[in-house]
>>> print(open('query-v3.txt').read())   # compact mmCIF, C-alpha atoms
# COMPACT_ATOMS: atom_id res chain seq x y z
CA THR H 1 19.94 76.31 75.73
CA ALA H 2 16.47 74.90 75.35
CA ALA H 3 16.27 71.46 73.85
CA ALA H 4 14.44 71.25 70.60
CA GLU H 5 11.84 68.48 70.54
CA THR H 6 10.85 67.05 67.22
CA VAL H 7 7.42 65.51 66.95
CA THR H 8 6.84 63.13 64.08
CA GLU H 9 3.24 62.75 63.16
CA THR H 10 2.31 59.41 61.64
CA THR H 11 -0.83 58.63 59.79
CA THR H 12 -2.34 55.25 59.12
CA SER H 13 -4.07 54.42 55.89
CA GLU H 14 -7.40 52.73 56.47
CA PRO H 15 -9.68 51.22 53.82
CA ASN H 16 -12.39 53.52 52.54
CA HIS H 17 -15.66 52.15 53.93
CA ASN H 18 -17.55 53.49 50.92
CA LEU H 19 -15.42 51.35 48.60
CA ARG H 20 -15.80 48.07 50.45
CA ILE H 21 -18.01 46.53 47.74
CA TRP H 22 -15.92 47.96 44.90
CA ASP H 23 -12.67 46.73 46.44
CA ALA H 24 -14.15 43.26 47.02
CA VAL H 25 -15.43 42.69 43.47
CA GLN H 26 -13.28 44.83 41.17
CA GLN H 27 -10.92 42.02 40.14
CA THR H 28 -12.16 39.59 37.50
CA ASP H 29 -11.20 35.94 37.17
CA PRO H 30 -9.72 35.71 33.62
CA ARG H 31 -11.20 32.23 33.20
CA TYR H 32 -14.66 33.80 32.91
CA THR H 33 -13.78 36.34 30.23
CA LYS H 34 -13.23 36.23 26.50
CA SER H 35 -12.11 38.73 23.92
CA PHE H 36 -14.48 39.91 21.20
CA SER H 37 -14.46 42.22 18.22
CA ARG H 38 -17.28 44.02 16.46
CA SER H 39 -17.72 45.74 13.13
CA GLY H 40 -15.86 49.00 12.94
CA GLY H 41 -12.78 47.56 14.65
CA PHE H 42 -14.12 47.76 18.20
CA LYS H 43 -12.52 45.20 20.50
CA GLY H 44 -13.20 44.41 24.13
CA THR H 45 -13.49 41.81 26.87
CA ALA H 46 -16.78 40.05 27.58
CA ILE H 47 -17.50 38.82 31.10
CA SER H 48 -19.59 35.74 31.86
CA HIS H 49 -22.89 36.91 33.31
CA THR H 50 -23.22 33.73 35.34
CA TYR H 51 -19.87 34.58 36.94
CA GLN H 52 -21.11 38.08 37.71
CA GLN H 53 -24.27 36.70 39.29
CA ARG H 54 -22.19 34.40 41.46
CA ARG H 55 -20.07 37.34 42.63
CA ALA H 56 -23.21 39.35 43.44
CA THR H 57 -24.55 36.37 45.40
CA GLU H 58 -21.30 36.17 47.37
CA VAL H 59 -21.67 39.82 48.40
CA PHE H 60 -25.43 40.26 48.83
CA GLY H 61 -26.89 36.77 49.17
CA PRO H 62 -29.09 34.63 46.87
CA LYS H 63 -30.72 36.37 43.94
CA GLY H 64 -34.27 37.31 44.81
CA ILE H 65 -33.42 37.63 48.50
CA GLY H 66 -30.24 39.70 48.73
CA TRP H 67 -30.36 41.23 45.28
CA GLY H 68 -32.27 41.14 42.02
CA SER H 69 -33.57 43.20 39.12
CA VAL H 70 -36.92 44.56 37.99
CA VAL H 71 -37.76 45.53 34.41
CA LEU H 72 -39.04 49.12 34.46
CA ASP H 73 -39.83 49.34 30.76
CA GLU H 74 -38.86 47.85 27.41
CA ARG H 75 -39.37 48.84 23.80
CA TYR H 76 -38.20 48.27 20.25
CA ALA H 77 -36.30 51.05 18.54
CA GLU H 78 -35.30 51.50 14.92
CA GLY H 79 -31.66 50.91 14.10
CA ALA H 80 -29.50 51.15 10.99
CA PRO H 81 -30.93 50.58 7.51
CA ILE H 82 -31.11 46.99 6.30
CA VAL H 83 -29.69 46.92 2.78
CA HIS H 84 -30.39 44.21 0.22
CA GLU H 85 -27.65 43.77 -2.38
CA LYS H 86 -30.18 44.00 -5.23
CA HIS H 87 -33.11 45.97 -3.85
CA GLY H 88 -31.28 48.51 -1.70
CA VAL H 89 -32.79 49.59 1.62
CA ILE H 90 -35.65 47.24 2.50
CA GLY H 91 -36.17 48.21 6.13
CA ARG H 92 -34.42 49.09 9.35
CA GLU H 93 -32.98 47.07 12.20
CA ALA H 94 -35.16 46.54 15.25
CA ILE H 95 -33.34 47.05 18.55
CA HIS H 96 -34.76 45.67 21.77
CA VAL H 97 -34.14 48.14 24.63
CA VAL H 98 -34.82 47.45 28.29
CA ARG H 99 -34.44 49.61 31.38
CA ILE H 100 -34.07 47.88 34.72
CA GLU H 101 -33.65 48.65 38.37
CA LEU H 102 -31.11 46.44 40.08
CA TRP H 103 -31.70 46.32 43.84
CA TYR H 104 -29.59 44.92 46.65
CA GLU H 105 -29.52 44.66 50.43
CA LEU H 106 -26.53 46.10 52.31
CA ASP H 107 -26.14 46.70 56.04
CA GLY H 108 -29.87 46.26 56.50
CA LYS H 109 -30.69 48.87 53.86
CA ARG H 110 -32.01 48.51 50.34
CA GLY H 111 -30.10 50.15 47.53
CA SER H 112 -30.73 50.26 43.80
CA VAL H 113 -29.25 51.42 40.52
CA GLN H 114 -30.80 51.73 37.07
CA ALA H 115 -29.30 50.68 33.75
CA TYR H 116 -30.20 50.13 30.11
CA GLY H 117 -29.51 47.08 28.00
CA GLN H 118 -30.04 46.53 24.31
CA THR H 119 -29.75 43.85 21.65
CA THR H 120 -30.42 43.76 17.92
CA PHE H 121 -33.68 41.86 17.44
CA VAL H 122 -33.96 42.07 13.64
CA GLY H 123 -30.93 42.87 11.55
CA SER H 124 -28.38 41.58 9.07
CA ASN H 125 -24.86 40.22 9.20
CA LYS H 126 -22.44 38.41 6.92
CA HIS H 127 -24.78 35.40 6.93
CA GLY H 128 -27.81 37.40 5.84
CA PHE H 129 -30.91 38.67 7.62
CA PHE H 130 -31.80 37.40 11.08
CA THR H 131 -34.31 37.58 13.91
CA ASP H 132 -32.81 36.95 17.34
CA GLU H 133 -35.48 35.38 19.55
CA GLU H 134 -33.03 35.59 22.47
CA ALA H 135 -32.85 39.39 22.24
CA PRO H 136 -34.97 40.16 25.36
CA LYS H 137 -32.87 37.81 27.50
CA LYS H 138 -29.63 39.26 26.13
CA SER H 139 -30.84 42.81 26.78
CA LEU H 140 -31.66 41.93 30.39
CA THR H 141 -28.21 40.36 30.81
CA ASP H 142 -26.62 43.46 29.30
CA ALA H 143 -28.56 45.76 31.64
CA GLU H 144 -27.72 43.71 34.76
CA SER H 145 -24.05 43.64 33.81
CA LYS H 146 -23.99 47.42 33.40
CA ALA H 147 -25.81 47.91 36.72
CA LEU H 148 -23.35 45.63 38.52
CA ALA H 149 -20.46 47.45 36.84
CA SER H 150 -21.66 50.71 38.39
CA LEU H 151 -21.19 49.07 41.80
CA GLY H 152 -17.62 48.05 40.95
CA PHE H 153 -18.13 44.49 39.71
CA SER H 154 -15.31 43.64 37.26
CA ALA H 155 -14.11 47.24 37.36
CA ASP H 156 -10.70 46.15 36.12
CA VAL H 157 -12.22 45.15 32.77
CA HIS H 158 -14.21 48.36 32.44
CA LEU H 159 -11.15 50.42 33.38
CA GLY H 160 -9.21 48.84 30.52
CA LEU H 161 -6.79 46.90 32.69
CA PHE H 162 -7.44 43.71 30.69
CA ASP H 163 -5.67 45.40 27.78
CA ASP H 164 -2.47 44.99 29.82
CA VAL H 165 -1.10 41.49 29.22
CA LYS H 166 1.01 41.60 32.39
CA TYR H 167 -2.02 42.47 34.50
CA VAL H 168 -4.00 39.53 33.09
CA ASN H 169 -1.08 37.11 33.51
CA ASP H 170 -0.62 38.25 37.12
CA LEU H 171 -4.33 37.65 37.75
CA LYS H 172 -4.10 34.17 36.23
CA ALA H 173 -1.13 33.35 38.47
CA LYS H 174 -3.01 34.70 41.48
CA THR H 175 -6.03 32.56 40.59
CA VAL H 176 -3.89 29.43 40.30
CA GLU H 177 -2.29 30.08 43.69
CA ALA H 178 -5.69 30.72 45.28
CA GLU H 179 -7.02 27.44 43.87
CA LYS H 180 -4.00 25.54 45.17
CA ALA H 181 -4.54 27.06 48.62
CA MET H 182 -8.22 26.09 48.57
CA GLN H 183 -7.40 22.55 47.47
CA GLN H 184 -4.79 22.24 50.20
CA GLU H 185 -7.25 23.54 52.79
CA ALA H 186 -9.86 21.01 51.66
CA TYR H 187 -7.29 18.22 51.78
CA ASN H 188 -6.16 19.20 55.27
CA ALA H 189 -9.77 19.21 56.44
CA MET H 190 -10.37 15.74 54.96
CA ARG H 191 -7.17 14.42 56.53
CA ALA H 192 -8.10 15.82 59.93
CA GLU H 193 -11.56 14.26 59.64
CA ILE H 194 -10.08 10.82 58.96
CA TRP H 195 -7.58 11.07 61.80
CA THR H 196 -10.31 12.19 64.21
CA ALA H 197 -12.62 9.36 63.11
CA VAL H 198 -9.88 6.75 63.58
CA GLY H 199 -9.09 8.09 67.04
CA ALA H 200 -12.76 8.08 68.03
CA ALA H 201 -13.57 4.57 66.74
CA THR H 202 -14.54 2.09 69.48
CA THR H 203 -15.25 -0.98 67.35
CA ILE H 204 -13.44 -2.74 64.53
CA ASP H 205 -16.34 -2.03 62.16
CA GLY H 206 -16.23 1.62 63.17
CA LEU H 207 -12.49 1.67 62.62
CA LYS H 208 -12.90 0.23 59.13
CA ALA H 209 -15.55 2.82 58.30
CA SER H 210 -13.31 5.64 59.51
CA VAL H 211 -10.76 4.99 56.76
CA ALA H 212 -13.26 4.87 53.89
CA LYS H 213 -11.67 7.97 52.30
CA ALA H 214 -8.10 6.77 52.72
CA ALA H 215 -7.69 6.31 48.96
CA ASP H 216 -7.89 10.11 48.55
CA LEU H 217 -4.83 10.66 50.74
CA THR H 218 -1.27 11.07 49.51
CA GLU H 219 1.00 8.05 49.60
CA ASP H 220 2.87 9.48 52.58
CA ASP H 221 -0.33 10.08 54.56
CA ARG H 222 -1.65 6.61 53.71
CA ALA H 223 1.50 5.13 55.19
CA LYS H 224 1.06 7.19 58.37
CA LEU H 225 -2.62 6.25 58.55
CA LYS H 226 -1.74 2.57 58.25
CA VAL H 227 0.47 2.82 61.34
CA LEU H 228 -2.26 4.63 63.29
CA TYR H 229 -4.86 2.11 62.11
CA VAL H 230 -2.83 -0.84 63.40
CA GLU H 231 -2.30 0.91 66.75
CA ARG H 232 -5.99 1.68 67.17
CA LYS H 233 -6.98 -1.84 66.08
CA THR H 234 -4.71 -3.30 68.75
CA GLU H 235 -6.15 -0.97 71.41
CA ILE H 236 -9.76 -1.79 70.46
CA GLU H 237 -9.13 -5.53 70.48
CA ALA H 238 -7.40 -5.31 73.85
CA ALA H 239 -10.30 -3.38 75.33
CA SER H 240 -12.95 -5.81 74.08
>>> encode(input="query-v3.txt", output="C-alpha cells")
Amino acid sequence: TAAAETVTETTTSEPNHNLRIWDAVQQTDPRYTKSFSRSGGFKGTAISHTYQQRRATEVFGPKGIGWGSVVLDERYAEGAPIVHEKHGVIGREAIHVVRIELWYELDGKRGSVQAYGQTTFVGSNKHGFFTDEEAPKKSLTDAESKALASLGFSADVHLGLFDDVKYVNDLKAKTVEAEKAMQQEAYNAMRAEIWTAVGAATTIDGLKASVAKAADLTEDDRAKLKVLYVERKTEIEAAS
C-alpha cells in the first residue's frame, strides 16, 4: 500500500507596498479633530490642517522640499440667492473656488494629485450678510486637505469610522498609551545621560555639573543617584 503524503501549503500575508503611505497615515489623532454641523442637518468631523501638514512632513519631509502645493487656477462663482427679509432677493453668494496641484517626493520620484477647494466669500447667515476676507486661505486649506485625503491621510475620518464611538475611544486610548511610552523613553534617555555623565566626571566641578538635571528624576532614582554621586566623589578625591 502506497503511503499517502499530504502537503500543506502555507501562505504569508505581506503588507501591500502600494498602500505603505495610506497605511502609515490613515489613522487620525482624535485630539486634532472636532465635530461640526451645517445647515440642512449635515454633520461631520473636521481635521486640523496644521496636524495634516505635520503628518505630510513626517512622510515626505519639510513643506517646499518634500511636498507642497501649487495653485493652478482660482475664480469666484455665483452661489445661492441672498434674500433680504424686506426686499427679497438682493444678490447671490460669491464662492471662491481654487484648483491646486499637490506634489510630493517618494522613492526619488515626484508625484502629484489635483483637488478643488471652495469657501463662501460673500453670503449671509443668522448674523446677517458677510464678506469673508479669509476665503482664499480657507479654500487653499480645503483643497490641500482633499488632496492629502486622496493619498490616505486621515482616511478613517473620510471612511466614516469617526461615527463609531468605540473606534474613537480606542484611538484615544491608543494615543494615551503612545504618549506614555514616548515620555518613558525620553525619561530613560535623560536618566542614562545623567548616569553616564556622573561616571565620566573627573573633577568635583564636573561631577556637580553632571547632576544638574537630577531634580527631574523620580524620588527613587534620585536616591540611587545620591549613592552613585557619593561613590564617584570619593573616587575623584582619592585620585587627586
>>> closest_residue(input="query-v3.txt", among="H:Trp195, H:Phe153, H:Tyr51, H:Tyr32", to="H:Asp221", atoms="all atoms listed in the file")
H:Trp195
>>> closest_residue(input="query-v3.txt", among="H:Lys180, H:Arg232, H:Lys146, H:His49", to="H:Ile100", atoms="only C-alpha atoms")
H:Lys146
>>> closest_residue(input="query-v3.txt", among="H:Leu207, H:Val165, H:Phe129, H:Ala147", to="H:Ala56", atoms="all atoms listed in the file")
H:Ala147
>>> residues_around(input="query-v3.txt", residues="stretch 208-219 of chain H", least_positions_apart="6", cutoff="10 Å", atoms="only C-alpha atoms", output="ChimeraX atom specification")
/H:187-188,190-191,193-201,225-226,229,233
>>> closest_residue(input="query-v3.txt", among="H:Glu134, H:Asp170, H:Glu177, H:Asp163", to="H:Gln118", atoms="all atoms listed in the file")
H:Glu134
>>> residues_around(input="query-v3.txt", residues="H:Thr119", least_positions_apart="5", cutoff="12 Å", atoms="all atoms listed in the file", output="number ranges by chain")
H: 74-79, 93-98, 131-143
>>> atom_distance(input="query-v3.txt", atom1="atom CA of H:Ile65", atom2="atom CA of H:Ala149")
20.0 Å
>>> atom_distance(input="query-v3.txt", atom1="atom CA of H:Tyr167", atom2="atom CA of H:Gln53")
23.5 Å
>>> atom_distance(input="query-v3.txt", atom1="atom CA of H:Pro30", atom2="atom CA of H:Glu58")
18.0 Å
>>> axis_aligned_box(input="query-v3.txt", around="stretch 212-221 of chain H", padding_each_side="8 Å", output="JSON")
{"center_x": -5.2, "center_y": 8.0, "center_z": 51.6, "size_x": 32.1, "size_y": 22.2, "size_z": 22.0}
>>> closest_residue(input="query-v3.txt", among="H:Gln26, H:Thr120, H:Ser35, H:Ser150", to="H:Leu102", atoms="all atoms listed in the file")
H:Ser150
>>> residues_near_point(input="query-v3.txt", point="(-25.2, 48.6, 52.1)", cutoff="12 Å", atoms="all atoms listed in the file", output="PyMOL selection string")
chain H and resi 17-22+59-60+66-67+103-112+151
>>> closest_residue(input="query-v3.txt", among="H:Ile236, H:Leu228, H:Ala178, H:Leu171", to="H:Asp29", atoms="all atoms listed in the file")
H:Leu171
